[in-house]
2 protein chains.
Amino acid sequence: MPGARPRGRVTLAEVASRAGVSRTTASYVLNGRTAQMRISPAVEQRVRSVAESAGYRPDLAAASLRTRRSRTIGVISDHVAGGMFSSRLLVGAGRAAREQGHVLLIGESGGEPATAAAIITEMVDRRVDGVLLVTAATSQVRLPEGLGPLPVVTVNCTDPDASSTSVLPDERAGGRAAAQVLLEAGHRGIVVAGEDAAPEVLAGRLRLAGIAEALSAAGLPPAERIACGWTVEGAYAGLAPWLHGGARPRALVCLTDRVAMGAYQALAELGLRVPEDVSVVSFDGSEIAQWLRPSVTSVAIPFDEMGARGVRALLDGEQAQVLLPMPVVDGGSVAAPGVRQEHH
Amino acid sequence: MPGARPRGRVTLAEVASRAGVSRTTASYVLNGRTAQMRISPAVEQRVRSVAESAGYRPDLAAASLRTRRSRTIGVISDHVAGGMFSSRLLVGAGRAAREQGHVLLIGESGGEPATAAAIITEMVDRRVDGVLLVTAATSQVRLPEGLGPLPVVTVNCTDPDASSTSVLPDERAGGRAAAQVLLEAGHRGIVVAGEDAAPEVLAGRLRLAGIAEALSAAGLPPAERIACGWTVEGAYAGLAPWLHGGARPRALVCLTDRVAMGAYQALAELGLRVPEDVSVVSFDGSEIAQWLRPSVTSVAIPFDEMGARGVRALLDGEQAQVLLPMPVVDGGSVAAPGVRQEHH
DNA sequence: GATCACTGCTGAATCGAATCAGCAGCATGA
DNA sequence: TCATGCTGCTGATTCGATTCAGCAGTGATC
């Protein structure tokens, strides 16, 4: 049946024949290699317009077979897709990838090394151009086996033994910024709520280090520490007894927004108001921070940007270690110490 | 240099030659088609063991070129990856895909049709085997153009004009369940907080319909409705004036966990306790529900399972409309009405 | 002992692009 | 007039799998 297109897709061969040139010429034109290959402007125009009007799209499976490039990036994560905030990383990464004609292949290991290994195999089989290794919490990792010579960028994590590029939030500077917010409001006695999580998690240690640096630079003694987990429940359970025991902090740094939420609950139970009685600053810059009443000033993890920078570093072959600033998202949770209103 | 492997990957041709058979035979063995093709057990064993010991992995780009199948599923979402809870859908979908040797290609449109179109093009170019169209909120959609004959499963959304398979949470039954929890606790006067969002969002309407059904079945009048948005802030802003105006609900159904959070804030401000003064039930089953004190009983959206079922429906060529049950996650927010303790 | 069916394999084509090596045609200079 | 060099294109091969069609060899049958 002449006139009917036999297959679903238009191939390069069809474009070439309709334009009256060889497949080779059509290929060069459509890959923008007219200059090196000395294709005349007339032919170039002809090929381009035929391709356009025929709706030609190259078959990437065929191209990948030949070029060994797939315009696809593998994202291997532990709990990023499942995480409440970290999943935004995928949004930024996806946008940056799309800007360069790439697409994301995702695999979530759930923290299982065996699953991670299976994911890596699947990705290598599909000839991904590179891999983004991502964690939900800023942490140290070991690069998994099986990646071979694939370029890898670690995002929100880093392998101290590997030379791979990494993109990390500047948690230490974030820690300084958090303390600075309270210091600038006039606070001196600062209490830190939250404790180190697992040893491979960097976030806690670096935030604490930053806070300590800011206090030390201001000539103040180290902050008091209240141990409580990283969770809402843990923070409440850790802070409530302390407050019931009579403690009356004026300025609280919570190591995560979840801790801040638990802290708000414990404070509310005692009738302590934020910020009149207690100023609060926290970390993560998640939506939780805005949901609290008043919303809590939070030092944000730029997940979206981290994903984007990770992809760009991967595609541009960047080698540096990138430290992204953590912006302070202002809420209504910080006030000058003033004179505390006594409740009877 | 004899002995050294020339390329990075072992090819089928190498496996075949080492096993002393043709590429054809090796291919049939490794694709499990020994029965139809009458390959002897001895040859099968030989090929398998050579492939195993050489670490052979088929090049999927080459296979895709021939078979037009890529063992890859495209996931096109609006705000799923960026969403706090909905991103779990990707986890379930990824797991189900991996179980069948598939992998997920994700693209998030942010709700932009132009971006969605670009994503579809990229996915079609990569010969995905099928597409999961996903939304963060249960809603009605229109299938986008450009998918051609690709199988599509809509997850958490549905196109009433299309015949594609869809996987949806049974929001109406969820609504009934929410009301039932309160009715069984002995409540009769139920107030619903939250309002219809955009008309294409089904969740609100169906939840309300389910609640109405349960009340009607119990011979009770329709529930009172308090208009407030879907957000924490909106819920607080809607409920606080109402409570300040003297309203004293005994049982509250919040249309989302966010609304529940805002409701808790408004209730706390008035000194109304959950569940002693007010019983609360909500929807979503998100982590927020567990963070509240006391945790709120919530009718959960099974995001994880929705993703998994969507993938299975796609790969199995299922045609039915799947309605997944919404489990009630018990919290401590419901109690019998009892006698209200008066506060002076 | 020719025909037939069956077993167990293989040769060659194919998918759709990328790319190396080379070939006409024309102008230029010696 | 012929070698030389440039311009502008093309033929043929390659990537690594899948798969159709077919072909030796063996034993059974009449």
# chains A, B, ... in the order shown; residues from 1 in each chain; ligands from 1
call {"tool": "select_by_dssp", "arguments": {"residues": "region 26-212 of chain B", "states": "alpha helix (DSSP H)", "output": "count of residues only"}}
result
81
call {"tool": "closest_atom_pairs", "arguments": {"of": "chain A", "to": "chain B", "cutoff": "7 Å", "atoms": "only C-alpha atoms", "output": "Markdown table"}}
result
| residue | atom | partner | partner_atom | distance |
| --- | --- | --- | --- | --- |
| A:Arg57 | CA | B:Asp125 | CA | 6.9 |
| A:Pro58 | CA | B:Asp125 | CA | 6.9 |
| A:Asp59 | CA | B:Asp125 | CA | 5.7 |
| A:Leu60 | CA | B:Arg126 | CA | 5.5 |
| A:Ala61 | CA | B:Ala61 | CA | 5.0 |
| A:Ala62 | CA | B:Leu65 | CA | 5.6 |
| A:Ser64 | CA | B:Ala61 | CA | 6.2 |
| A:Leu65 | CA | B:Ala61 | CA | 5.4 |
| A:Ala81 | CA | B:Ser87 | CA | 5.6 |
| A:Gly82 | CA | B:Arg88 | CA | 4.6 |
| A:Met84 | CA | B:Met84 | CA | 4.2 |
| A:Phe85 | CA | B:Met84 | CA | 6.1 |
| A:Ser87 | CA | B:Ala81 | CA | 5.6 |
| A:Arg88 | CA | B:Gly82 | CA | 4.6 |
| A:Leu90 | CA | B:Ala81 | CA | 6.5 |
| A:Val91 | CA | B:Gly82 | CA | 6.1 |
| A:Gly94 | CA | B:Gly107 | CA | 6.5 |
| A:Leu104 | CA | B:Leu105 | CA | 5.6 |
| A:Leu105 | CA | B:Leu105 | CA | 4.5 |
| A:Ile106 | CA | B:Leu104 | CA | 5.8 |
| A:Gly107 | CA | B:Gly94 | CA | 6.5 |
| A:Glu108 | CA | B:Val91 | CA | 6.6 |
| A:Asp125 | CA | B:Asp59 | CA | 5.7 |
| A:Arg126 | CA | B:Leu60 | CA | 5.5 |
| A:Val232 | CA | B:Trp291 | CA | 5.9 |
| A:Glu233 | CA | B:Trp291 | CA | 6.7 |
| A:Trp291 | CA | B:Val232 | CA | 5.9 |
call {"tool": "write_last_selection", "arguments": {"atoms": "C-alpha atoms", "output": "short mmCIF file (atom, residue, chain, number, x, y, z; two decimals), in the first residue's frame"}}
result
data_model
loop_
_atom_site.label_atom_id
_atom_site.label_comp_id
_atom_site.auth_asym_id
_atom_site.auth_seq_id
_atom_site.Cartn_x
_atom_site.Cartn_y
_atom_site.Cartn_z
CA ARG A 57 13.15 10.89 16.22
CA PRO A 58 16.29 8.81 16.46
CA ASP A 59 15.94 5.41 18.05
CA LEU A 60 18.05 5.64 21.14
CA ALA A 61 18.38 1.90 21.49
CA ALA A 62 20.07 1.77 18.13
CA SER A 64 23.22 3.45 22.24
CA LEU A 65 24.31 0.19 20.71
CA ALA A 81 12.34 8.29 47.03
CA GLY A 82 10.66 7.08 50.16
CA MET A 84 9.46 12.94 52.82
CA PHE A 85 11.84 15.73 51.93
CA SER A 87 12.53 12.98 47.29
CA ARG A 88 12.70 16.55 46.04
CA LEU A 90 14.79 13.64 42.29
CA VAL A 91 12.89 16.64 41.02
CA GLY A 94 15.28 15.22 36.73
CA LEU A 104 16.73 9.35 35.11
CA LEU A 105 16.65 5.67 35.83
CA ILE A 106 15.93 5.25 39.51
CA GLY A 107 16.51 2.43 41.91
CA GLU A 108 15.94 2.51 45.62
CA ASP A 125 23.03 -3.61 31.56
CA ARG A 126 21.15 -0.60 30.30
CA VAL A 232 9.21 13.83 66.66
CA GLU A 233 8.43 11.19 69.23
CA TRP A 291 3.42 23.89 59.48
#
call {"tool": "residues_around", "arguments": {"residues": "region 271-273 of chain A", "least_positions_apart": "2", "cutoff": "12 Å", "atoms": "only C-alpha atoms (C1' of nucleotides)", "output": "ChimeraX atom specification"}}
result
/A:240,243-244,246-251,263-269,275-280,293-294,332-335,340-344 /B:268-269,271
call {"tool": "write_last_selection", "arguments": {"atoms": "N, CA and C atoms", "output": "compact mmCIF listing (two decimals), in the first residue's frame"}}
result
# COMPACT_ATOMS: atom_id res chain seq x y z
N ALA A 240 10.43 16.60 77.19
CA ALA A 240 9.35 16.79 78.16
C ALA A 240 9.82 16.59 79.61
N LEU A 243 11.98 19.51 80.74
CA LEU A 243 11.22 20.73 81.02
C LEU A 243 10.40 20.56 82.30
N HIS A 244 9.81 19.40 82.45
CA HIS A 244 9.04 19.13 83.67
C HIS A 244 9.94 19.23 84.89
N GLY A 246 11.97 21.37 85.40
CA GLY A 246 12.19 22.76 85.76
C GLY A 246 13.09 23.53 84.82
N ALA A 247 13.63 22.86 83.83
CA ALA A 247 14.51 23.58 82.91
C ALA A 247 13.71 24.62 82.14
N ARG A 248 14.30 25.78 81.94
CA ARG A 248 13.62 26.86 81.22
C ARG A 248 14.57 27.48 80.21
N PRO A 249 14.79 26.78 79.09
CA PRO A 249 15.71 27.31 78.07
C PRO A 249 15.11 28.56 77.45
N ARG A 250 15.97 29.46 77.00
CA ARG A 250 15.49 30.65 76.31
C ARG A 250 15.71 30.53 74.81
N ALA A 251 16.66 29.67 74.42
CA ALA A 251 16.96 29.53 72.99
C ALA A 251 17.34 28.08 72.71
N ALA A 263 9.73 19.24 70.05
CA ALA A 263 10.04 20.27 71.04
C ALA A 263 8.84 21.20 71.23
N TYR A 264 8.20 21.59 70.15
CA TYR A 264 7.02 22.44 70.24
C TYR A 264 5.96 21.75 71.13
N GLN A 265 5.81 20.45 70.93
CA GLN A 265 4.80 19.73 71.70
C GLN A 265 5.14 19.75 73.19
N ALA A 266 6.42 19.51 73.49
CA ALA A 266 6.83 19.51 74.89
C ALA A 266 6.69 20.90 75.49
N LEU A 267 7.08 21.91 74.74
CA LEU A 267 6.98 23.29 75.23
C LEU A 267 5.53 23.67 75.48
N ALA A 268 4.65 23.30 74.52
CA ALA A 268 3.24 23.65 74.64
C ALA A 268 2.65 23.03 75.90
N GLU A 269 3.08 21.83 76.19
CA GLU A 269 2.56 21.12 77.35
C GLU A 269 2.85 21.89 78.63
N PRO A 275 7.69 32.56 70.08
CA PRO A 275 9.06 32.76 70.57
C PRO A 275 9.13 33.56 71.86
N GLU A 276 7.97 33.91 72.45
CA GLU A 276 8.03 34.79 73.61
C GLU A 276 8.88 34.21 74.73
N ASP A 277 8.65 32.92 75.01
CA ASP A 277 9.39 32.30 76.09
C ASP A 277 10.66 31.61 75.61
N VAL A 278 10.54 30.97 74.47
CA VAL A 278 11.68 30.23 73.93
C VAL A 278 11.81 30.52 72.43
N SER A 279 13.00 30.88 72.03
CA SER A 279 13.27 30.99 70.59
C SER A 279 13.76 29.63 70.09
N VAL A 280 13.31 29.27 68.90
CA VAL A 280 13.69 27.96 68.35
C VAL A 280 14.22 28.13 66.92
N ARG A 293 3.24 26.20 64.46
CA ARG A 293 2.75 27.53 64.80
C ARG A 293 3.55 28.06 65.97
N PRO A 294 4.31 29.10 65.91
CA PRO A 294 4.66 29.78 64.65
C PRO A 294 5.65 28.93 63.87
N GLY A 332 8.75 32.42 62.39
CA GLY A 332 8.42 33.37 63.45
C GLY A 332 8.82 32.86 64.81
N SER A 333 9.88 32.06 64.83
CA SER A 333 10.18 31.35 66.06
C SER A 333 11.34 31.95 66.85
N VAL A 334 11.82 33.10 66.39
CA VAL A 334 12.96 33.70 67.09
C VAL A 334 12.61 35.12 67.51
N ALA A 335 12.87 35.42 68.78
CA ALA A 335 12.67 36.78 69.29
C ALA A 335 13.80 37.11 70.24
N ARG A 340 11.13 37.60 80.57
CA ARG A 340 10.18 36.49 80.49
C ARG A 340 8.92 36.82 81.29
N GLN A 341 7.77 36.58 80.65
CA GLN A 341 6.52 36.76 81.38
C GLN A 341 6.29 35.53 82.24
N GLU A 342 6.08 35.76 83.49
CA GLU A 342 5.89 34.62 84.39
C GLU A 342 4.45 34.13 84.33
N HIS A 343 4.31 32.83 84.32
CA HIS A 343 2.97 32.22 84.41
C HIS A 343 2.84 31.61 85.79
N HIS A 344 1.75 31.83 86.43
CA HIS A 344 1.58 31.25 87.77
C HIS A 344 0.85 29.94 87.70
N ALA B 268 -5.92 22.93 70.43
CA ALA B 268 -5.01 23.15 71.56
C ALA B 268 -5.13 24.58 72.06
N GLU B 269 -5.29 25.49 71.14
CA GLU B 269 -5.39 26.89 71.51
C GLU B 269 -6.57 27.15 72.43
N GLY B 271 -7.70 24.88 74.42
CA GLY B 271 -7.61 23.96 75.55
C GLY B 271 -8.46 22.72 75.38
call {"tool": "interface_residues", "arguments": {"of": "chain D", "to": "chain A", "cutoff": "8 Å", "atoms": "only C-alpha atoms (C1' of nucleotides)", "output": "list in words"}}
result
DT7, DG8, DC9, DT10, DT14, DC15 and DG16 of chain D
call {"tool": "write_last_selection", "arguments": {"atoms": "C-alpha atoms (C1' of nucleotides)", "output": "PDB file, in the first residue's frame"}}
result
ATOM      1  C1'  DT D   7      34.800  20.131  -1.551  1.00  0.00           C
ATOM      2  C1'  DG D   8      30.848  17.401  -0.740  1.00  0.00           C
ATOM      3  C1'  DC D   9      29.144  13.521  -0.405  1.00  0.00           C
ATOM      4  C1'  DT D  10      28.501   7.956  -0.033  1.00  0.00           C
ATOM      5  C1'  DT D  14      29.962  -2.128  13.078  1.00  0.00           C
ATOM      6  C1'  DC D  15      27.586  -2.293  17.640  1.00  0.00           C
ATOM      7  C1'  DG D  16      25.281  -7.188  20.125  1.00  0.00           C
TER       8       DG D  16
END
call {"tool": "interface_residues", "arguments": {"of": "chain C", "to": "chain A", "cutoff": "8 Å", "atoms": "only C-alpha atoms (C1' of nucleotides)", "output": "ChimeraX atom specification"}}
result
/C:15-18
call {"tool": "closest_residue", "arguments": {"among": "A:Ala336, A:Leu206, A:Ala193, A:Ile76", "to": "Ala237 (chain A)", "atoms": "only C-alpha atoms"}}
result
A:Ala193
call {"tool": "residues_around", "arguments": {"residues": "DT26 (chain D)", "least_positions_apart": "4", "cutoff": "12 Å", "atoms": "only C-alpha atoms (C1' of nucleotides)", "output": "number ranges by chain"}}
result
C: 5-8
